[in-house]
Amino acid sequence: MFGPTTMASGARSGRRSPPLNRWIALFLLSMLGPPLLMSLSWILPGAIAVIQTGSCPPAPPDIPAYPCSLGQYLVRMTVGAWALMGHLLTWMAWFAVNFVLWGVGLFGVALYRNWRSH
C-alpha cells in the first residue's frame, strides 16, 4: 500500500506546491499591480493638490475648481461616473492583455519543453 513509488510521488507533489504558489502569486501580482498603479497615478497628483489647496481641481468639460475635502475628491475620482468608467476600461483592457501575454508565455514554455524532450 505504501511502497516506494507512493512515497516518492507524495514527496514530488509536496515539492511542486511552492513553485505553483509562486506562479499563482506572480500571476495575481501581474493582474492587479499595473492597473492599480495606473489608477493611483491618475488620482495621486490631484489628491496632493487637494491637500495643499483645499479645493478640487477643475474637471472636464465644464466643472471649475471648487472647495472640497480629500475624501470628496477621492470619492469623485474612484467611484464617480466618469472616473469609474475610466478605471473599469483600463482594468478590463489590462486583464485581456495580461491573459494573452500569460497564454503566449505558457504556450512558449510548453513548446520549449516539448522540443527539449525529443
# chains A, B, ... in the order shown; residues from 1 in each chain; ligands from 1

$ select_by_dssp --residues "chain A" --states "strand (DSSP E or B)" --output "list of chain:residue names"
A:Ser55, A:Cys56, A:Ala59, A:Ile63, A:Tyr66, A:Pro67

$ residues_around --residues "region 92-108 of chain A" --least-positions-apart "4" --cutoff "10 Å" --atoms "only C-alpha atoms" --output "PyMOL selection string"
chain A and resi 27+30-32+34-35+87-88+112-114

$ residues_around --residues "Ser55 (chain A)" --least-positions-apart "4" --cutoff "12 Å" --atoms "only C-alpha atoms" --output "list in words"
Gly46, Ala47, Ile48, Ala49, Val50, Ile51, Ala59, Pro64, Ala65, Tyr66, Pro67, Cys68, Ser69, Leu70, Gly71, Gln72 and Tyr73 of chain A

$ write_last_selection --atoms "N, CA and C atoms" --output "compact mmCIF listing (two decimals), in the first residue's frame"
# COMPACT_ATOMS: atom_id res chain seq x y z
N GLY A 46 -3.80 64.90 -8.16
CA GLY A 46 -4.94 65.71 -7.73
C GLY A 46 -5.14 65.67 -6.23
N ALA A 47 -4.89 64.49 -5.62
CA ALA A 47 -5.04 64.37 -4.17
C ALA A 47 -4.02 65.25 -3.46
N ILE A 48 -2.82 65.32 -3.98
CA ILE A 48 -1.81 66.20 -3.39
C ILE A 48 -2.23 67.65 -3.52
N ALA A 49 -2.79 68.01 -4.68
CA ALA A 49 -3.27 69.38 -4.89
C ALA A 49 -4.42 69.70 -3.93
N VAL A 50 -5.30 68.75 -3.68
CA VAL A 50 -6.42 68.98 -2.75
C VAL A 50 -5.88 69.19 -1.34
N ILE A 51 -4.89 68.41 -0.95
CA ILE A 51 -4.31 68.57 0.39
C ILE A 51 -3.66 69.94 0.51
N ALA A 59 -12.53 69.90 -13.54
CA ALA A 59 -12.75 68.65 -14.26
C ALA A 59 -13.43 68.95 -15.59
N PRO A 64 -15.57 73.91 -12.80
CA PRO A 64 -14.43 74.70 -12.33
C PRO A 64 -13.91 74.15 -10.99
N ALA A 65 -12.77 74.65 -10.56
CA ALA A 65 -12.24 74.26 -9.25
C ALA A 65 -13.23 74.70 -8.16
N TYR A 66 -13.40 73.88 -7.14
CA TYR A 66 -14.33 74.20 -6.05
C TYR A 66 -13.77 73.63 -4.75
N PRO A 67 -14.14 74.24 -3.62
CA PRO A 67 -13.64 73.76 -2.33
C PRO A 67 -14.18 72.36 -2.02
N CYS A 68 -13.29 71.49 -1.57
CA CYS A 68 -13.73 70.14 -1.21
C CYS A 68 -12.69 69.52 -0.28
N SER A 69 -13.07 68.41 0.33
CA SER A 69 -12.15 67.69 1.20
C SER A 69 -11.46 66.59 0.40
N LEU A 70 -10.44 66.01 1.00
CA LEU A 70 -9.73 64.91 0.34
C LEU A 70 -10.67 63.73 0.12
N GLY A 71 -11.53 63.46 1.08
CA GLY A 71 -12.49 62.35 0.94
C GLY A 71 -13.43 62.56 -0.23
N GLN A 72 -13.94 63.78 -0.38
CA GLN A 72 -14.82 64.06 -1.51
C GLN A 72 -14.09 63.89 -2.84
N TYR A 73 -12.85 64.33 -2.89
CA TYR A 73 -12.07 64.18 -4.12
C TYR A 73 -11.85 62.71 -4.43

$ atom_distance --atom1 "CA of Thr78 (chain A)" --atom2 "CA of Leu36 (chain A)"
11.5 Å

$ atom_distance --atom1 "CA of Ser41 (chain A)" --atom2 "CA of Met77 (chain A)"
11.4 Å

$ atom_distance --atom1 "CA of Met85 (chain A)" --atom2 "CA of Ile24 (chain A)"
28.1 Å
